[in-house]
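Colleague: Got a structure for you, written out below as structure tokens; questions coming shortly.
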Amino acid sequence: MPRRNEIREKALKDLQQYEVLMLDGHFDFGNGFHGTVYLNPHQLFRYPSTIWRFAQDLLDVLPASILETTEIVAGPVTGGALLAHTVAGLLDSRRAITRPPTLFAPFTLDADCGHTLTRFYQRLVAGRKALVVDDVRNTGQTQARCVELVRKAGGTVIATAEIYDRMEAIVEAGVPNVALAEYKAPDNIPADRCPMCRSGVPVTAF
């Protein structure tokens, strides 16, 4: 446990260093709200080596029982799928070469912009133990939907995991969840009542 705590503490600092998690700024979220914390998960994938490093750390904090039993890693497009693909490959690098390779499945978007699993990947998931990963957990709804899709396809979800948990989940997927880093952001402020605007603090540019 101390080792895992050290990894998590370092990951939180790394997320700030790579400007994925930006603290103590004045951010306009473009939805009528302002706040002091901004999360930019796209920065995770700007350089492939960055997500590889975070994926390694995520594997290091996942329980051995999950690492041992995972047969397929699945994630929603785009960030979660890129992370899932990376995790699946790195997981195999830690296993005996005689073991069957870990499979990968992306959840794509349907015409209504909801997540779905194509027939090809439904067949791949069926009868297998899945780890569902995403770059960020916000409300938890995306993970819950993905878990449901795996189950409908005949697979078993053993856990969900993410690089960063905003600690604002309102929906639970019903399986263990593991986050590499956690940070509870302050409540967002309606733009017309923003004290930073009233004080003349400029909106943070990046």
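Letters A, B, ... mark the chains of the structure tokens in the order given; residue numbers begin at 1 per chain; ligand numbers begin at 1, in order shown.
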Could you pull the residues within 10 Å of Pro76 of chain A, counting only C-alpha atoms, minus those fewer than 3 positions along the same chain, as a list in words?
Modeller: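 Here the answer would be Gly79, Gly80, Ala81, Leu82, Leu83, Ala84, Ala105, Pro106, Phe107, Thr108, Leu109, His115, Thr116, Leu117, Val132, Val133, Asp134, Asp135, Thr142, Gln143, Arg145 and Cys146 of chain A.
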Colleague: For the selection you just gave me, I'd like the residues written to a file as a PDB file, in the first residue's frame, keeping N, CA and C atoms.
Modeller:
ATOM      1  N   GLY A  79     -10.191   8.957 -25.805  1.00  0.00           N
ATOM      2  CA  GLY A  79      -9.137   8.807 -24.812  1.00  0.00           C
ATOM      3  C   GLY A  79      -9.130   7.458 -24.131  1.00  0.00           C
ATOM      4  N   GLY A  80     -10.295   6.977 -23.736  1.00  0.00           N
ATOM      5  CA  GLY A  80     -10.364   5.691 -23.047  1.00  0.00           C
ATOM      6  C   GLY A  80      -9.894   4.548 -23.922  1.00  0.00           C
ATOM      7  N   ALA A  81     -10.222   4.615 -25.221  1.00  0.00           N
ATOM      8  CA  ALA A  81      -9.808   3.556 -26.140  1.00  0.00           C
ATOM      9  C   ALA A  81      -8.291   3.558 -26.333  1.00  0.00           C
ATOM     10  N   LEU A  82      -7.697   4.751 -26.452  1.00  0.00           N
ATOM     11  CA  LEU A  82      -6.240   4.833 -26.575  1.00  0.00           C
ATOM     12  C   LEU A  82      -5.559   4.289 -25.325  1.00  0.00           C
ATOM     13  N   LEU A  83      -6.120   4.629 -24.168  1.00  0.00           N
ATOM     14  CA  LEU A  83      -5.565   4.122 -22.909  1.00  0.00           C
ATOM     15  C   LEU A  83      -5.733   2.614 -22.823  1.00  0.00           C
ATOM     16  N   ALA A  84      -6.904   2.104 -23.191  1.00  0.00           N
ATOM     17  CA  ALA A  84      -7.159   0.664 -23.129  1.00  0.00           C
ATOM     18  C   ALA A  84      -6.192  -0.109 -24.020  1.00  0.00           C
ATOM     19  N   ALA A 105     -10.769  -3.848 -26.922  1.00  0.00           N
ATOM     20  CA  ALA A 105     -12.056  -3.523 -27.543  1.00  0.00           C
ATOM     21  C   ALA A 105     -12.401  -2.062 -27.298  1.00  0.00           C
ATOM     22  N   PRO A 106     -12.695  -1.297 -28.350  1.00  0.00           N
ATOM     23  CA  PRO A 106     -13.131   0.097 -28.170  1.00  0.00           C
ATOM     24  C   PRO A 106     -14.655   0.203 -28.187  1.00  0.00           C
ATOM     25  N   PHE A 107     -15.178   1.080 -27.351  1.00  0.00           N
ATOM     26  CA  PHE A 107     -16.588   1.437 -27.423  1.00  0.00           C
ATOM     27  C   PHE A 107     -16.678   2.649 -28.340  1.00  0.00           C
ATOM     28  N   THR A 108     -17.415   2.515 -29.438  1.00  0.00           N
ATOM     29  CA  THR A 108     -17.538   3.615 -30.383  1.00  0.00           C
ATOM     30  C   THR A 108     -18.841   4.367 -30.124  1.00  0.00           C
ATOM     31  N   LEU A 109     -19.072   5.439 -30.897  1.00  0.00           N
ATOM     32  CA  LEU A 109     -20.282   6.241 -30.748  1.00  0.00           C
ATOM     33  C   LEU A 109     -21.291   5.876 -31.826  1.00  0.00           C
ATOM     34  N   HIS A 115     -22.485   5.550 -26.480  1.00  0.00           N
ATOM     35  CA  HIS A 115     -21.487   4.514 -26.697  1.00  0.00           C
ATOM     36  C   HIS A 115     -22.133   3.179 -27.065  1.00  0.00           C
ATOM     37  N   THR A 116     -21.449   2.471 -27.946  1.00  0.00           N
ATOM     38  CA  THR A 116     -21.923   1.173 -28.391  1.00  0.00           C
ATOM     39  C   THR A 116     -20.732   0.253 -28.632  1.00  0.00           C
ATOM     40  N   LEU A 117     -21.014  -1.022 -28.792  1.00  0.00           N
ATOM     41  CA  LEU A 117     -19.980  -2.024 -29.056  1.00  0.00           C
ATOM     42  C   LEU A 117     -20.361  -2.723 -30.351  1.00  0.00           C
ATOM     43  N   VAL A 132     -12.464  -2.389 -17.833  1.00  0.00           N
ATOM     44  CA  VAL A 132     -12.926  -1.210 -18.562  1.00  0.00           C
ATOM     45  C   VAL A 132     -12.171   0.011 -18.041  1.00  0.00           C
ATOM     46  N   VAL A 133     -11.481   0.711 -18.931  1.00  0.00           N
ATOM     47  CA  VAL A 133     -10.680   1.862 -18.510  1.00  0.00           C
ATOM     48  C   VAL A 133     -11.096   3.116 -19.274  1.00  0.00           C
ATOM     49  N   ASP A 134     -10.847   4.258 -18.658  1.00  0.00           N
ATOM     50  CA  ASP A 134     -11.088   5.549 -19.294  1.00  0.00           C
ATOM     51  C   ASP A 134     -10.024   6.514 -18.789  1.00  0.00           C
ATOM     52  N   ASP A 135      -9.852   7.620 -19.496  1.00  0.00           N
ATOM     53  CA  ASP A 135      -8.841   8.570 -19.055  1.00  0.00           C
ATOM     54  C   ASP A 135      -9.308   9.313 -17.806  1.00  0.00           C
ATOM     55  N   THR A 142     -20.454   7.204 -18.173  1.00  0.00           N
ATOM     56  CA  THR A 142     -19.823   6.537 -19.313  1.00  0.00           C
ATOM     57  C   THR A 142     -19.328   5.146 -18.922  1.00  0.00           C
ATOM     58  N   GLN A 143     -18.662   5.039 -17.788  1.00  0.00           N
ATOM     59  CA  GLN A 143     -18.185   3.734 -17.347  1.00  0.00           C
ATOM     60  C   GLN A 143     -19.340   2.771 -17.115  1.00  0.00           C
ATOM     61  N   ARG A 145     -22.250   2.752 -18.537  1.00  0.00           N
ATOM     62  CA  ARG A 145     -22.776   2.350 -19.839  1.00  0.00           C
ATOM     63  C   ARG A 145     -21.873   1.300 -20.481  1.00  0.00           C
ATOM     64  N   CYS A 146     -20.572   1.489 -20.402  1.00  0.00           N
ATOM     65  CA  CYS A 146     -19.637   0.537 -20.997  1.00  0.00           C
ATOM     66  C   CYS A 146     -19.698  -0.818 -20.297  1.00  0.00           C
TER      67      CYS A 146
END
Colleague: I'd like the neighbourhood of segment 190-195 of chain A as a PDB file with C-alpha atoms, in the first residue's frame, where a residue qualifies if any of its atoms comes within 8 Å (using only C-alpha atoms), though same-chain residues fewer than 6 positions away should be ignored.
Modeller:
ATOM      1  CA  ASP A  28     -14.035  29.816 -18.351  1.00  0.00           C
ATOM      2  CA  GLY A  32     -21.814  29.448 -18.332  1.00  0.00           C
ATOM      3  CA  PHE A  33     -19.584  28.462 -15.424  1.00  0.00           C
ATOM      4  CA  HIS A  34     -16.152  29.509 -14.189  1.00  0.00           C
TER       5      HIS A  34
END
Colleague: My list of candidates is A:Tyr38, A:Phe45, A:Gly174, A:Trp52. Which is closest to Met22 of chain A when distances are computed with only C-alpha atoms?
Modeller: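 Smallest distance to Met22 of chain A is found for A:Tyr38.
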Colleague: What are the closest atom pairs, with distances in Å to one decimal, for all residues of segment 26-128 of chain A lying within 7 Å of segment 180-185 of chain A? Consider only C-alpha atoms, order rows by chain and residue number, and present the result as a Markdown table.
Modeller:
| residue | atom | partner | partner_atom | distance |
| --- | --- | --- | --- | --- |
| A:Val37 | CA | A:Ala185 | CA | 6.3 |
| A:Leu58 | CA | A:Leu180 | CA | 5.4 |
| A:Val61 | CA | A:Leu180 | CA | 6.8 |
Colleague: Can you write out the residues you just picked, keeping N, CA and C atoms, as a CSV table (one decimal), in the first residue's frame?
Modeller:
chain,number,residue,atom,x,y,z
A,37,VAL,N,-10.2,25.2,-11.2
A,37,VAL,CA,-9.5,23.9,-11.6
A,37,VAL,C,-10.0,23.5,-13.0
A,58,LEU,N,-0.7,3.2,-13.8
A,58,LEU,CA,-2.1,2.6,-13.5
A,58,LEU,C,-2.0,1.1,-13.3
A,61,VAL,N,-0.8,0.3,-9.7
A,61,VAL,CA,-1.7,0.5,-8.6
A,61,VAL,C,-2.9,-0.5,-8.7
Colleague: Can you tell me which residues surround Gln17 of chain A at a distance of at most 12 Å, considering only C-alpha atoms, apart from same-chain residues fewer than 5 positions away, and format the answer as a list in words?
Modeller: Lys10, Ala11, Leu12, Met22, Leu23, Gln43, Leu44 and Thr50 of chain A
Colleague: Per residue of segment 72-131 of chain A within 8 Å of segment 149-168 of chain A, note the shortest atom pair and the distance in Å to one decimal, counting only C-alpha atoms, and order the rows by chain and increasing residue number, as JSON lines.
Modeller:
{"residue": "A:Thr116", "atom": "CA", "partner": "A:Leu149", "partner_atom": "CA", "distance": 7.0}
{"residue": "A:Leu117", "atom": "CA", "partner": "A:Leu149", "partner_atom": "CA", "distance": 6.7}
{"residue": "A:Gln122", "atom": "CA", "partner": "A:Ala153", "partner_atom": "CA", "distance": 5.1}
{"residue": "A:Arg123", "atom": "CA", "partner": "A:Ala153", "partner_atom": "CA", "distance": 7.2}
{"residue": "A:Val125", "atom": "CA", "partner": "A:Gly155", "partner_atom": "CA", "distance": 5.3}
{"residue": "A:Ala126", "atom": "CA", "partner": "A:Gly154", "partner_atom": "CA", "distance": 4.3}
{"residue": "A:Gly127", "atom": "CA", "partner": "A:Gly155", "partner_atom": "CA", "distance": 4.9}
{"residue": "A:Arg128", "atom": "CA", "partner": "A:Gly155", "partner_atom": "CA", "distance": 5.0}
{"residue": "A:Lys129", "atom": "CA", "partner": "A:Thr156", "partner_atom": "CA", "distance": 4.8}
{"residue": "A:Ala130", "atom": "CA", "partner": "A:Val157", "partner_atom": "CA", "distance": 4.6}
{"residue": "A:Leu131", "atom": "CA", "partner": "A:Ala159", "partner_atom": "CA", "distance": 5.4}
Colleague: Give me, as an MDAnalysis selection string, the residues of segment 3-42 of chain A that a backbone DSSP run labels strand (DSSP E).
Modeller: chainID A and resid 21:22 27:28 33:35 38:39
Colleague: Can you tell me, as JSON, numbers by chain, which residues in segment 18-134 of chain A count as helix (DSSP H, G or I) by DSSP?
Modeller: {"A": [41, 42, 43, 44, 45, 48, 49, 50, 51, 52, 53, 54, 55, 56, 57, 58, 59, 60, 61, 64, 65, 66, 67, 68, 69, 79, 80, 81, 82, 83, 84, 85, 86, 87, 88, 89, 90, 91, 92, 93, 119, 120, 121, 122, 123, 124, 125]}
Colleague: Could you jot down the atom CA of Thr102 of chain A to atom CA of Ala179 of chain A separation for me, Å, one decimal place?
Modeller: 20.9 Å
Colleague: Measuring atom to atom with only C-alpha atoms, identify which of A:Thr70, A:Thr204, A:Ser199, A:Ser65 is nearest to Pro101 of chain A.
Modeller: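 The closest residue to Pro101 of chain A is A:Thr70.
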Colleague: Under the rule that only C-alpha atoms are counted, which of A:Ala88, A:Val175, A:Val20, A:Ala64 is the nearest residue to Val136 of chain A?
Modeller: A:Val20
Colleague: Near Ala144 of chain A, counting only C-alpha atoms, which residues have an atom at most 9 Å away, once you skip same-chain residues fewer than 6 positions from it, shown as a PyMOL selection string?
Modeller: chain A and resi 171-174
Colleague: Using only C-alpha atoms, can you tell me which of A:Gly140, A:Pro41, A:Gly89, A:Gly25 comes closest to Gln56 of chain A?
Modeller: A:Gly89
Colleague: Kindly indicate which residue among A:Leu39, A:Thr98, A:Tyr47, A:Asp24 lies nearest to Arg137 of chain A, using only C-alpha atoms for the distances.
Modeller: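 Closest to Arg137 of chain A of all the choices is A:Leu39.
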Colleague: Nearest residue to Ser93 of chain A out of A:Gly35, A:Asp187, A:Leu59, A:Glu6, using only C-alpha atoms?
Modeller: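 Smallest distance to Ser93 of chain A is found for A:Leu59.
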Colleague: One decimal, in Å: what's the spacing between atom CA of Cys197 of chain A and atom CA of Asn138 of chain A?
Modeller: 26.0 Å
